[in-house]
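Structure file entry_12.cif (mmCIF, C-alpha atoms) is printed below.
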data_coords
loop_
_atom_site.label_atom_id
_atom_site.label_comp_id
_atom_site.auth_asym_id
_atom_site.auth_seq_id
_atom_site.Cartn_x
_atom_site.Cartn_y
_atom_site.Cartn_z
CA ILE T 374 78.56 -21.93 -121.96
CA MET T 375 76.42 -19.13 -123.41
CA THR T 376 73.29 -21.16 -122.81
CA THR T 377 74.20 -21.76 -119.19
CA SER T 378 74.97 -18.10 -118.51
CA SER T 379 71.71 -17.00 -120.10
CA GLN T 380 69.79 -19.45 -117.93
CA ARG T 381 71.50 -18.09 -114.83
CA HIS T 382 70.68 -14.53 -115.87
CA ARG T 383 67.05 -15.48 -116.45
CA HIS T 384 66.90 -17.27 -113.08
CA SER T 385 68.32 -14.20 -111.33
CA LEU T 386 65.67 -12.01 -112.96
CA LEU T 387 62.91 -14.38 -111.84
CA THR T 388 64.13 -14.62 -108.25
CA GLN T 389 64.92 -10.92 -107.89
CA PRO T 390 61.26 -9.88 -107.29
CA ASP T 391 60.90 -12.58 -104.61
CA ILE T 392 64.01 -11.33 -102.85
CA ASN T 393 62.83 -7.74 -103.07
CA THR T 394 59.38 -8.69 -101.74
CA ARG T 395 60.90 -10.60 -98.82
CA GLN T 396 63.21 -7.73 -97.99
CA LYS T 397 60.31 -5.29 -98.15
CA ARG T 398 58.25 -7.40 -95.77
CA ILE T 399 61.15 -7.67 -93.32
CA TRP T 400 61.69 -3.91 -93.50
CA ASP T 401 57.98 -3.24 -92.96
CA LEU T 402 58.06 -5.50 -89.91
CA LEU T 403 61.13 -3.78 -88.48
CA ARG T 404 59.69 -0.37 -89.22
CA HIS T 405 56.56 -1.14 -87.19
CA ILE T 406 58.38 -2.56 -84.17
CA PRO T 407 58.37 0.79 -82.29
CA SER T 408 54.63 1.10 -82.84
CA PHE T 409 54.08 -2.50 -81.70
CA MET T 410 56.20 -1.93 -78.60
CA PHE T 411 54.31 1.24 -77.74
CA ARG T 412 50.95 -0.52 -78.03
CA PHE T 413 52.19 -3.50 -76.05
CA LEU T 414 53.51 -1.30 -73.24
CA ARG T 415 50.28 0.67 -73.21
CA LEU T 416 48.27 -2.54 -72.91
CA LEU T 417 50.62 -3.86 -70.23
CA SER T 418 50.28 -0.66 -68.20
CA PHE T 419 46.50 -0.91 -68.49
CA VAL T 420 46.56 -4.48 -67.17
CA VAL T 421 48.92 -3.53 -64.33
CA SER T 422 46.66 -0.64 -63.34
CA LEU T 423 43.73 -3.06 -63.08
CA LEU T 424 45.58 -5.58 -60.90
CA PRO T 425 44.32 -4.08 -57.60
CA ALA T 426 40.75 -4.39 -58.84
CA PHE T 427 41.40 -7.96 -60.00
CA ALA T 428 42.85 -8.77 -56.58
CA VAL T 429 39.69 -7.52 -54.87
CA PHE T 430 37.61 -9.43 -57.42
CA LEU T 431 39.44 -12.72 -56.74
CA TYR T 432 39.34 -12.21 -52.97
CA HIS T 433 35.60 -11.66 -53.05
CA TYR T 434 35.02 -14.67 -55.31
CA PHE T 435 36.85 -17.12 -53.06
CA SER T 436 35.80 -15.67 -49.69
CA CYS T 437 32.15 -14.68 -50.19
CA ASP T 438 28.95 -16.61 -49.46
CA ARG T 439 29.30 -18.93 -52.46
CA ILE T 440 28.95 -22.64 -53.08
CA ALA T 441 29.51 -24.57 -56.32
CA VAL T 442 26.82 -27.10 -57.23
CA TYR T 443 26.82 -29.64 -60.04
CA TYR T 444 23.67 -29.32 -62.18
CA GLY T 445 24.48 -31.87 -64.89
CA VAL T 446 23.37 -35.46 -65.27
CA LYS T 447 25.37 -37.41 -62.68
CA ASP T 448 25.09 -40.74 -64.48
CA ALA T 449 26.66 -39.22 -67.60
CA LEU T 450 30.11 -39.28 -65.95
CA GLY T 451 29.83 -42.85 -64.72
CA GLY T 452 30.71 -41.89 -61.15
CA ASN T 453 34.08 -40.44 -62.18
CA GLU T 454 34.55 -37.68 -59.60
CA GLU T 455 37.73 -36.38 -61.26
CA ARG T 456 35.94 -35.80 -64.56
CA LYS T 457 33.03 -34.30 -62.64
CA TRP T 458 35.22 -31.52 -61.22
CA LEU T 459 36.50 -30.74 -64.72
CA SER T 460 32.95 -30.41 -66.04
CA ARG T 461 31.41 -27.09 -67.07
CA HIS T 462 28.07 -28.24 -65.66
CA TYR T 463 28.53 -26.34 -62.42
CA LEU T 464 26.78 -23.29 -61.05
CA ASP T 465 27.80 -20.80 -58.40
CA MET T 466 25.15 -20.08 -55.79
CA TYR T 467 25.45 -16.90 -53.73
CA GLY T 468 23.49 -16.16 -50.56
CA SER T 469 22.58 -19.70 -49.47
CA ARG T 470 25.11 -20.23 -46.68
CA ASP T 471 22.63 -19.62 -43.85
CA HIS T 472 20.22 -22.21 -45.22
CA VAL T 473 22.86 -24.80 -46.04
CA SER T 474 24.52 -24.45 -42.63
CA GLY T 475 21.24 -25.32 -40.94
CA ASN T 476 20.32 -21.89 -39.61
CA GLU T 477 16.62 -21.22 -39.42
CA VAL T 478 15.34 -19.25 -42.40
CA THR T 479 11.73 -18.14 -42.17
CA LYS T 480 11.37 -16.54 -45.58
CA LYS T 481 12.31 -17.94 -48.96
CA LYS T 482 14.50 -15.70 -51.07
CA PRO T 483 13.73 -14.49 -54.59
CA VAL T 484 16.09 -15.99 -57.16
CA VAL T 485 18.11 -14.42 -59.97
CA ILE T 486 19.71 -16.68 -62.56
CA PHE T 487 22.49 -14.72 -64.24
CA LEU T 488 23.97 -15.84 -67.57
CA THR T 489 27.42 -14.35 -68.14
CA GLY T 490 28.70 -13.18 -71.52
CA GLY T 491 31.97 -13.82 -73.30
CA ALA T 492 31.31 -13.80 -77.06
CA TRP T 493 30.29 -17.50 -76.85
CA ILE T 494 34.02 -18.27 -76.46
CA ILE T 495 35.34 -17.08 -73.07
CA GLY T 496 32.23 -17.15 -70.88
CA TYR T 497 32.72 -18.36 -67.29
CA ARG T 498 30.58 -18.33 -64.18
CA MET T 499 33.17 -16.33 -62.20
CA TRP T 500 32.49 -13.23 -64.32
CA GLY T 501 29.16 -12.68 -62.57
CA CYS T 502 30.36 -12.52 -58.97
CA LEU T 503 30.19 -8.70 -58.83
CA LEU T 504 26.47 -8.81 -59.66
CA ALA T 505 26.01 -11.29 -56.84
CA ARG T 506 27.97 -9.01 -54.52
CA ALA T 507 25.49 -6.23 -55.28
CA LEU T 508 22.28 -8.30 -54.93
CA VAL T 509 22.95 -10.73 -52.06
CA PRO T 510 22.81 -7.99 -49.34
CA PHE T 511 19.21 -7.33 -50.43
CA GLY T 512 18.18 -10.90 -49.61
CA ILE T 513 18.36 -12.26 -53.16
CA LEU T 514 19.68 -15.71 -54.01
CA VAL T 515 21.93 -15.33 -57.06
CA ILE T 516 22.72 -18.36 -59.21
CA ILE T 517 25.29 -18.19 -62.02
CA PRO T 518 25.46 -21.34 -64.15
CA ASP T 519 28.47 -22.23 -66.25
CA TYR T 520 28.09 -23.56 -69.78
CA HIS T 521 30.34 -24.96 -72.50
CA ASN T 522 31.92 -22.51 -74.94
CA PHE T 523 32.95 -22.67 -78.57
CA PRO T 524 34.84 -24.60 -79.98
CA LYS T 525 33.99 -27.34 -77.46
CA VAL T 526 30.35 -27.05 -78.56
CA ASN T 527 28.35 -24.90 -80.93
CA ILE T 528 25.34 -22.78 -80.02
CA LYS T 529 23.05 -25.77 -79.58
CA GLY T 530 25.31 -27.18 -76.87
CA MET T 531 25.31 -23.84 -75.05
CA VAL T 532 21.51 -23.56 -75.25
CA ASP T 533 21.10 -27.12 -73.95
CA ASP T 534 23.44 -26.41 -71.03
CA VAL T 535 21.59 -23.24 -70.00
CA ASP T 536 18.21 -24.94 -70.39
CA MET T 537 19.38 -27.82 -68.19
CA SER T 538 20.66 -25.40 -65.54
CA ILE T 539 17.30 -23.56 -65.44
CA GLN T 540 15.51 -26.88 -65.01
CA TRP T 541 17.82 -27.75 -62.11
CA VAL T 542 17.21 -24.39 -60.42
CA LEU T 543 13.43 -24.70 -60.65
CA ASP T 544 13.59 -28.26 -59.30
CA HIS T 545 16.11 -27.77 -56.47
CA VAL T 546 16.39 -24.11 -55.50
CA GLU T 547 14.07 -24.47 -52.50
CA GLU T 548 16.58 -26.89 -50.97
CA TYR T 549 18.94 -23.90 -50.73
CA GLY T 550 16.45 -21.36 -49.39
CA GLY T 551 15.19 -19.97 -52.70
CA ASP T 552 11.62 -19.48 -53.84
CA SER T 553 10.89 -21.45 -57.01
CA ASN T 554 7.87 -19.24 -57.65
CA ARG T 555 10.02 -16.09 -57.84
CA VAL T 556 12.75 -16.84 -60.35
CA VAL T 557 13.98 -14.19 -62.79
CA LEU T 558 16.39 -14.90 -65.64
CA VAL T 559 19.03 -12.24 -66.37
CA GLY T 560 21.57 -12.31 -69.20
CA GLN T 561 24.41 -10.13 -70.39
CA SER T 562 25.88 -10.09 -73.94
CA ALA T 563 26.23 -13.66 -75.24
CA GLY T 564 24.52 -14.93 -72.09
CA ALA T 565 21.52 -12.71 -72.86
CA HIS T 566 21.43 -14.09 -76.40
CA ILE T 567 21.47 -17.69 -75.17
CA GLY T 568 18.80 -16.91 -72.58
CA GLY T 569 16.64 -15.28 -75.25
CA VAL T 570 16.91 -18.39 -77.42
CA VAL T 571 15.97 -20.63 -74.49
CA VAL T 572 12.92 -18.54 -73.52
CA ALA T 573 11.67 -18.25 -77.12
CA LYS T 574 12.09 -21.96 -77.78
CA LYS T 575 10.28 -22.83 -74.54
CA VAL T 576 7.34 -20.69 -75.68
CA LEU T 577 7.38 -22.40 -79.09
CA ASP T 578 7.35 -25.78 -77.35
CA TRP T 579 4.42 -24.67 -75.21
CA ILE T 580 2.44 -23.53 -78.27
CA GLN T 581 3.19 -26.81 -80.02
CA GLN T 582 1.88 -28.75 -77.03
CA GLN T 583 -1.36 -26.75 -77.07
CA LYS T 584 -1.84 -27.42 -80.78
CA LEU T 585 -1.28 -31.14 -80.26
CA TYR T 586 -3.68 -31.11 -77.31
CA LYS T 587 -6.38 -29.45 -79.37
CA GLY T 588 -5.78 -31.88 -82.22
CA GLY T 589 -5.72 -34.94 -80.00
CA GLY T 590 -2.00 -35.50 -80.58
CA GLY T 591 -1.36 -36.63 -77.02
CA SER T 592 2.25 -37.23 -76.01
CA ASN T 593 3.64 -37.11 -79.53
CA GLY T 594 4.63 -33.54 -78.79
CA ASP T 595 7.75 -34.79 -77.01
CA ASP T 596 9.27 -35.62 -80.39
CA CYS T 597 8.70 -32.07 -81.69
CA ARG T 598 10.15 -30.15 -78.76
CA HIS T 599 13.07 -27.82 -79.32
CA LEU T 600 14.36 -28.39 -75.76
CA LYS T 601 14.44 -31.46 -73.53
CA SER T 602 13.43 -29.70 -70.31
CA THR T 603 9.95 -30.04 -68.83
CA TYR T 604 9.44 -26.70 -67.04
CA SER T 605 6.90 -24.20 -68.32
CA PRO T 606 7.96 -20.72 -69.48
CA LYS T 607 5.41 -19.37 -67.02
CA GLN T 608 7.63 -20.57 -64.16
CA LEU T 609 10.04 -17.74 -64.97
CA CYS T 610 8.77 -14.48 -63.52
CA GLY T 611 10.77 -12.40 -65.96
CA PHE T 612 13.69 -12.17 -68.36
CA ILE T 613 16.08 -9.20 -68.34
CA THR T 614 18.78 -8.67 -70.96
CA THR T 615 21.57 -6.17 -71.40
CA SER T 616 23.85 -5.58 -74.42
CA SER T 617 22.33 -8.59 -76.14
CA PRO T 618 22.68 -9.35 -79.88
CA HIS T 619 19.00 -10.14 -80.38
CA ASN T 620 19.11 -9.99 -84.19
CA LEU T 621 22.02 -12.15 -85.35
CA VAL T 622 21.39 -11.39 -89.02
CA THR T 623 21.93 -7.65 -88.71
CA MET T 624 24.77 -8.09 -86.18
CA ARG T 625 26.99 -10.24 -88.40
CA SER T 626 28.94 -7.32 -89.83
CA VAL T 627 29.35 -5.84 -86.33
CA PHE T 628 30.76 -9.13 -85.06
CA HIS T 629 33.16 -9.24 -88.00
CA ARG T 630 34.44 -5.72 -87.35
CA HIS T 631 35.10 -6.60 -83.71
CA GLY T 632 37.19 -9.68 -84.48
CA LEU T 633 34.61 -12.48 -84.77
CA SER T 634 35.22 -13.50 -88.37
CA ALA T 635 32.49 -14.71 -90.69
CA SER T 636 33.90 -18.25 -90.66
CA VAL T 637 33.93 -18.36 -86.85
CA GLN T 638 30.36 -17.06 -86.76
CA ARG T 639 29.33 -19.77 -89.20
CA SER T 640 31.07 -22.36 -87.03
CA ILE T 641 29.28 -21.17 -83.89
CA PHE T 642 25.79 -20.89 -85.37
CA GLY T 643 25.98 -23.12 -88.44
CA GLY T 644 26.89 -26.49 -87.02
CA VAL T 645 30.38 -26.74 -88.49
CA SER T 646 32.06 -27.30 -85.12
CA GLY T 647 31.01 -28.71 -81.78
CA SER T 648 29.83 -31.93 -80.22
CA ASN T 649 26.20 -31.51 -81.20
CA ASP T 650 26.68 -30.93 -84.91
CA ASP T 651 24.35 -33.72 -86.03
CA ASP T 652 21.38 -32.30 -84.13
CA LEU T 653 22.11 -28.79 -85.35
CA ILE T 654 22.44 -29.89 -88.98
CA ASP T 655 19.08 -31.67 -88.68
CA ASP T 656 17.55 -28.38 -87.49
CA ILE T 657 19.04 -26.57 -90.48
CA LYS T 658 17.71 -29.21 -92.89
CA ASN T 659 14.23 -28.69 -91.48
CA SER T 660 14.35 -24.92 -92.06
CA VAL T 661 12.38 -23.29 -94.85
CA ALA T 662 15.42 -22.56 -97.00
CA ALA T 663 18.37 -24.60 -95.77
CA SER T 664 20.58 -23.41 -98.62
CA ASP T 665 20.31 -19.78 -97.53
CA ASP T 666 23.09 -18.90 -95.10
CA LEU T 667 20.86 -16.35 -93.36
CA ASP T 668 18.45 -19.07 -92.28
CA VAL T 669 21.21 -20.64 -90.20
CA PHE T 670 21.47 -17.45 -88.15
CA GLU T 671 17.71 -16.96 -87.98
CA LEU T 672 17.40 -20.36 -86.29
CA TRP T 673 19.34 -18.96 -83.30
CA SER T 674 18.28 -15.31 -83.45
CA PRO T 675 15.97 -14.31 -80.54
CA TYR T 676 14.41 -11.59 -82.69
CA HIS T 677 13.35 -14.08 -85.37
CA LEU T 678 12.31 -16.69 -82.82
CA VAL T 679 10.06 -14.19 -81.03
CA LYS T 680 8.50 -13.23 -84.38
CA LYS T 681 7.78 -16.91 -84.93
CA CYS T 682 6.25 -17.09 -81.44
CA GLN T 683 3.97 -14.16 -82.26
CA THR T 684 2.88 -15.76 -85.55
CA GLU T 685 2.15 -19.10 -83.88
CA TYR T 686 0.41 -17.30 -81.03
CA ASN T 687 -1.88 -15.38 -83.39
CA ASN T 688 -2.68 -18.59 -85.28
CA LEU T 689 -3.56 -20.34 -82.03
CA ILE T 690 -5.79 -17.44 -80.95
CA SER T 691 -7.56 -17.43 -84.35
CA GLU T 692 -8.17 -21.16 -84.17
CA GLY T 693 -9.44 -20.81 -80.61
CA ASN T 694 -11.87 -18.05 -81.56
CA ALA T 695 -13.11 -19.99 -84.59
CA ASN T 696 -13.79 -23.11 -82.55
CA ARG T 697 -14.94 -21.39 -79.37
CA SER T 698 -18.48 -22.79 -79.54
CA SER T 699 -17.90 -26.00 -81.51
CA SER T 700 -16.11 -28.21 -79.00
CA SER T 701 -16.87 -29.64 -75.56
CA ASN T 702 -13.25 -28.97 -74.48
CA ASN T 703 -13.40 -25.25 -75.22
CA ASN T 704 -13.02 -24.23 -71.59
CA ASN T 705 -9.71 -26.09 -71.27
CA ASN T 706 -8.49 -24.74 -74.61
CA ASN T 707 -9.41 -21.18 -73.67
CA GLU T 708 -7.60 -21.52 -70.34
CA ARG T 709 -4.43 -22.54 -72.18
CA ILE T 710 -4.80 -19.63 -74.60
CA ASP T 711 -5.18 -17.27 -71.63
CA GLN T 712 -1.98 -18.74 -70.16
CA LEU T 713 -0.17 -17.94 -73.38
CA LYS T 714 -1.50 -14.37 -73.23
CA ASP T 715 0.01 -14.11 -69.76
CA ILE T 716 3.37 -15.28 -71.12
CA PHE T 717 3.37 -12.53 -73.73
#
Let's see the structure in the file written out as structure tokens.
Amino acid sequence: IMTTSSQRHRHSLLTQPDINTRQKRIWDLLRHIPSFMFRFLRLLSFVVSLLPAFAVFLYHYFSCDRIAVYYGVKDALGGNEERKWLSRHYLDMYGSRDHVSGNEVTKKKPVVIFLTGGAWIIGYRMWGCLLARALVPFGILVIIPDYHNFPKVNIKGMVDDVDMSIQWVLDHVEEYGGDSNRVVLVGQSAGAHIGGVVVAKKVLDWIQQQKLYKGGGGSNGDDCRHLKSTYSPKQLCGFITTSSPHNLVTMRSVFHRHGLSASVQRSIFGGVSGSNDDDLIDDIKNSVAASDDLDVFELWSPYHLVKKCQTEYNNLISEGNANRSSSSNNNNNNERIDQLKDIF
């Protein structure tokens, strides 16, 4: 009997801290309920105060001069129209109604491709309709492509989507009254980051093609391209960014403080999640120091990609100057180097 009572006493002593801890947590939760309710009501009042603006926003989006066009690969869906409408491979085109309706248009319109932001997670083409509302009255054709977000894909999937949409615009925009020779790319926040990656990688692909041309590599350059598209970076008249995280390495702590945890960042840029993980992991394996976590972010940092462009550009210029008088194809090589100077 004494043994049993001592065991019960010992058990009560062991469980007492757990009970106290549980009670303390419950009390802390109850104590903060007034603060939670105040913050919730403040947020709710803020949302309610914005409802009139949201109503105007939605009215403009569904009533303005806008058409939705599919820019993806049609054969990829096997003719399934239901799946096609659920696809993110759509773009909104503003200012093309006169041309599409058959009205005579004598002058082609300059084109703005706008990439919306959303922290790589909540981006959607609708967010850019206010920019279109401001530019369309000035005779500008505004195109806002949609793209997949995380966790559906990682950064490589987003870059591929945007690159494919730019290719579609350059190939088809004249069918909607736009001028393919006056196309400007604009990006905001995450959209600006993705656009910066696309532009930098297109320049790297162009430099690689020139090196293979000079070395007699022929068409083998297709296997070394970062992007699958065939347009030249020179076909874009400009690239404008706003509030863009150009240097992902230095922005990691900022992202973390604003709610984008380190693990989520690693999933977005490191190939842990998404439908294109195999391709992204191959890119990481080919980096200089694949074991260094920073290299994963440098692969998708516009700042580091542009530095790489400048290094490759300087190397190409040095090689061109060294061989300026030693080859019969120097004129063609120099023309390509001059084109690269124009890009920069």
>> Applying 12 Å and only C-alpha atoms, which residues near His619 of chain T remain after dropping the ones on its own chain fewer than 5 positions away? List them as a list in words.
In response: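 Result of the neighbour search: Gly560, Gln561, Ser562, Ala563, Gly564, Ala565, His566, Ile567, Gly568, Gly569, Val570, Ala573, Thr614, Met624, Arg625, Phe670, Glu671, Leu672, Trp673, Ser674, Pro675, Tyr676, His677, Leu678, Val679 and Lys680 of chain T.
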Those same residues - C-alpha atoms - I'd like them written as a compact mmCIF listing (two decimals), in the coordinates of the input.
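Contents of result_16.txt, as written:
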# COMPACT_ATOMS: atom_id res chain seq x y z
CA GLY T 560 21.57 -12.31 -69.20
CA GLN T 561 24.41 -10.13 -70.39
CA SER T 562 25.88 -10.09 -73.94
CA ALA T 563 26.23 -13.66 -75.24
CA GLY T 564 24.52 -14.93 -72.09
CA ALA T 565 21.52 -12.71 -72.86
CA HIS T 566 21.43 -14.09 -76.40
CA ILE T 567 21.47 -17.69 -75.17
CA GLY T 568 18.80 -16.91 -72.58
CA GLY T 569 16.64 -15.28 -75.25
CA VAL T 570 16.91 -18.39 -77.42
CA ALA T 573 11.67 -18.25 -77.12
CA THR T 614 18.78 -8.67 -70.96
CA MET T 624 24.77 -8.09 -86.18
CA ARG T 625 26.99 -10.24 -88.40
CA PHE T 670 21.47 -17.45 -88.15
CA GLU T 671 17.71 -16.96 -87.98
CA LEU T 672 17.40 -20.36 -86.29
CA TRP T 673 19.34 -18.96 -83.30
CA SER T 674 18.28 -15.31 -83.45
CA PRO T 675 15.97 -14.31 -80.54
CA TYR T 676 14.41 -11.59 -82.69
CA HIS T 677 13.35 -14.08 -85.37
CA LEU T 678 12.31 -16.69 -82.82
CA VAL T 679 10.06 -14.19 -81.03
CA LYS T 680 8.50 -13.23 -84.38
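Counting all atoms listed in the file and comparing T:Met537, T:Asn620, T:Asp552, T:Leu543, the residue that lies closest to Lys601 of chain T is T:Met537.
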For the structure shown, which residues end up in the PyMOL selection byres ((chain T and resi 443) around 6)? Put them as a PDB file with C-alpha atoms, keeping the file's coordinate frame, please?
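For reference, result-v4.pdb as written:
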ATOM      1  CA  VAL T 442      26.820 -27.100 -57.230  1.00  0.00           C
ATOM      2  CA  TYR T 444      23.670 -29.320 -62.180  1.00  0.00           C
ATOM      3  CA  GLY T 445      24.480 -31.870 -64.890  1.00  0.00           C
ATOM      4  CA  HIS T 462      28.070 -28.240 -65.660  1.00  0.00           C
ATOM      5  CA  TYR T 463      28.530 -26.340 -62.420  1.00  0.00           C
TER       6      TYR T 463
END
>> What does the structure give for the distance between atom CA of Cys682 of chain T and atom CA of Val526 of chain T, in Å to one decimal?
In response: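 Separating atom CA of Cys682 of chain T from atom CA of Val526 of chain T is a distance of 26.2 Å.
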>> Using Å and a single decimal, report how far atom CA of Val515 of chain T sits from atom CA of Cys502 of chain T.
In response: 9.1 Å
>> Ranking T:Val420, T:Ala507, T:Ala428, T:Ile495 by minimum distance to Phe523 of chain T and counting all atoms listed in the file, which one comes first?
In response: T:Ile495
Please, can segment 476-499 of chain T be completed to N, CA and C atoms and returned as a PDB file, in the coordinates of the input?
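And here is the file that came out, out-v8.pdb:
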ATOM      1  N   ASN T 476      20.972 -22.983 -40.341  1.00  0.00           N
ATOM      2  CA  ASN T 476      20.320 -21.890 -39.610  1.00  0.00           C
ATOM      3  C   ASN T 476      18.867 -21.741 -40.038  1.00  0.00           C
ATOM      4  N   GLU T 477      18.048 -21.335 -39.135  1.00  0.00           N
ATOM      5  CA  GLU T 477      16.620 -21.220 -39.420  1.00  0.00           C
ATOM      6  C   GLU T 477      16.356 -20.022 -40.334  1.00  0.00           C
ATOM      7  N   VAL T 478      15.700 -20.290 -41.450  1.00  0.00           N
ATOM      8  CA  VAL T 478      15.340 -19.250 -42.400  1.00  0.00           C
ATOM      9  C   VAL T 478      13.830 -19.263 -42.552  1.00  0.00           C
ATOM     10  N   THR T 479      13.190 -18.171 -42.182  1.00  0.00           N
ATOM     11  CA  THR T 479      11.730 -18.140 -42.170  1.00  0.00           C
ATOM     12  C   THR T 479      11.136 -17.736 -43.507  1.00  0.00           C
ATOM     13  N   LYS T 480      11.899 -17.044 -44.329  1.00  0.00           N
ATOM     14  CA  LYS T 480      11.370 -16.540 -45.580  1.00  0.00           C
ATOM     15  C   LYS T 480      12.233 -16.980 -46.745  1.00  0.00           C
ATOM     16  N   LYS T 481      11.584 -17.509 -47.764  1.00  0.00           N
ATOM     17  CA  LYS T 481      12.310 -17.940 -48.960  1.00  0.00           C
ATOM     18  C   LYS T 481      12.757 -16.720 -49.757  1.00  0.00           C
ATOM     19  N   LYS T 482      13.916 -16.831 -50.363  1.00  0.00           N
ATOM     20  CA  LYS T 482      14.500 -15.700 -51.070  1.00  0.00           C
ATOM     21  C   LYS T 482      14.113 -15.718 -52.548  1.00  0.00           C
ATOM     22  N   PRO T 483      13.881 -14.544 -53.125  1.00  0.00           N
ATOM     23  CA  PRO T 483      13.730 -14.490 -54.590  1.00  0.00           C
ATOM     24  C   PRO T 483      15.044 -14.883 -55.255  1.00  0.00           C
ATOM     25  N   VAL T 484      14.944 -15.380 -56.478  1.00  0.00           N
ATOM     26  CA  VAL T 484      16.090 -15.990 -57.160  1.00  0.00           C
ATOM     27  C   VAL T 484      16.374 -15.248 -58.461  1.00  0.00           C
ATOM     28  N   VAL T 485      17.645 -14.961 -58.692  1.00  0.00           N
ATOM     29  CA  VAL T 485      18.110 -14.420 -59.970  1.00  0.00           C
ATOM     30  C   VAL T 485      19.084 -15.410 -60.579  1.00  0.00           C
ATOM     31  N   ILE T 486      18.782 -15.865 -61.787  1.00  0.00           N
ATOM     32  CA  ILE T 486      19.710 -16.680 -62.560  1.00  0.00           C
ATOM     33  C   ILE T 486      20.418 -15.757 -63.539  1.00  0.00           C
ATOM     34  N   PHE T 487      21.725 -15.642 -63.402  1.00  0.00           N
ATOM     35  CA  PHE T 487      22.490 -14.720 -64.240  1.00  0.00           C
ATOM     36  C   PHE T 487      23.358 -15.503 -65.215  1.00  0.00           C
ATOM     37  N   LEU T 488      23.183 -15.204 -66.517  1.00  0.00           N
ATOM     38  CA  LEU T 488      23.970 -15.840 -67.570  1.00  0.00           C
ATOM     39  C   LEU T 488      25.050 -14.864 -68.023  1.00  0.00           C
ATOM     40  N   THR T 489      26.307 -15.235 -67.804  1.00  0.00           N
ATOM     41  CA  THR T 489      27.420 -14.350 -68.140  1.00  0.00           C
ATOM     42  C   THR T 489      27.675 -14.352 -69.649  1.00  0.00           C
ATOM     43  N   GLY T 490      28.321 -13.279 -70.113  1.00  0.00           N
ATOM     44  CA  GLY T 490      28.700 -13.180 -71.520  1.00  0.00           C
ATOM     45  C   GLY T 490      30.095 -13.705 -71.765  1.00  0.00           C
ATOM     46  N   GLY T 491      30.634 -13.359 -72.937  1.00  0.00           N
ATOM     47  CA  GLY T 491      31.970 -13.820 -73.300  1.00  0.00           C
ATOM     48  C   GLY T 491      32.096 -14.179 -74.758  1.00  0.00           C
ATOM     49  N   ALA T 492      31.237 -13.590 -75.607  1.00  0.00           N
ATOM     50  CA  ALA T 492      31.310 -13.800 -77.060  1.00  0.00           C
ATOM     51  C   ALA T 492      31.193 -15.267 -77.428  1.00  0.00           C
ATOM     52  N   TRP T 493      30.486 -16.066 -76.618  1.00  0.00           N
ATOM     53  CA  TRP T 493      30.290 -17.500 -76.850  1.00  0.00           C
ATOM     54  C   TRP T 493      31.605 -18.278 -76.801  1.00  0.00           C
ATOM     55  N   ILE T 494      32.710 -17.627 -76.400  1.00  0.00           N
ATOM     56  CA  ILE T 494      34.020 -18.270 -76.460  1.00  0.00           C
ATOM     57  C   ILE T 494      34.717 -18.261 -75.096  1.00  0.00           C
ATOM     58  N   ILE T 495      34.602 -17.189 -74.326  1.00  0.00           N
ATOM     59  CA  ILE T 495      35.340 -17.080 -73.070  1.00  0.00           C
ATOM     60  C   ILE T 495      34.402 -16.888 -71.878  1.00  0.00           C
ATOM     61  N   GLY T 496      33.161 -17.288 -71.994  1.00  0.00           N
ATOM     62  CA  GLY T 496      32.230 -17.150 -70.880  1.00  0.00           C
ATOM     63  C   GLY T 496      32.619 -18.063 -69.714  1.00  0.00           C
ATOM     64  N   TYR T 497      32.427 -17.568 -68.491  1.00  0.00           N
ATOM     65  CA  TYR T 497      32.720 -18.360 -67.290  1.00  0.00           C
ATOM     66  C   TYR T 497      31.889 -17.828 -66.145  1.00  0.00           C
ATOM     67  N   ARG T 498      31.514 -18.720 -65.242  1.00  0.00           N
ATOM     68  CA  ARG T 498      30.580 -18.330 -64.180  1.00  0.00           C
ATOM     69  C   ARG T 498      31.205 -17.316 -63.213  1.00  0.00           C
ATOM     70  N   MET T 499      32.520 -17.273 -63.109  1.00  0.00           N
ATOM     71  CA  MET T 499      33.170 -16.330 -62.200  1.00  0.00           C
ATOM     72  C   MET T 499      32.884 -14.883 -62.569  1.00  0.00           C
TER      73      MET T 499
END
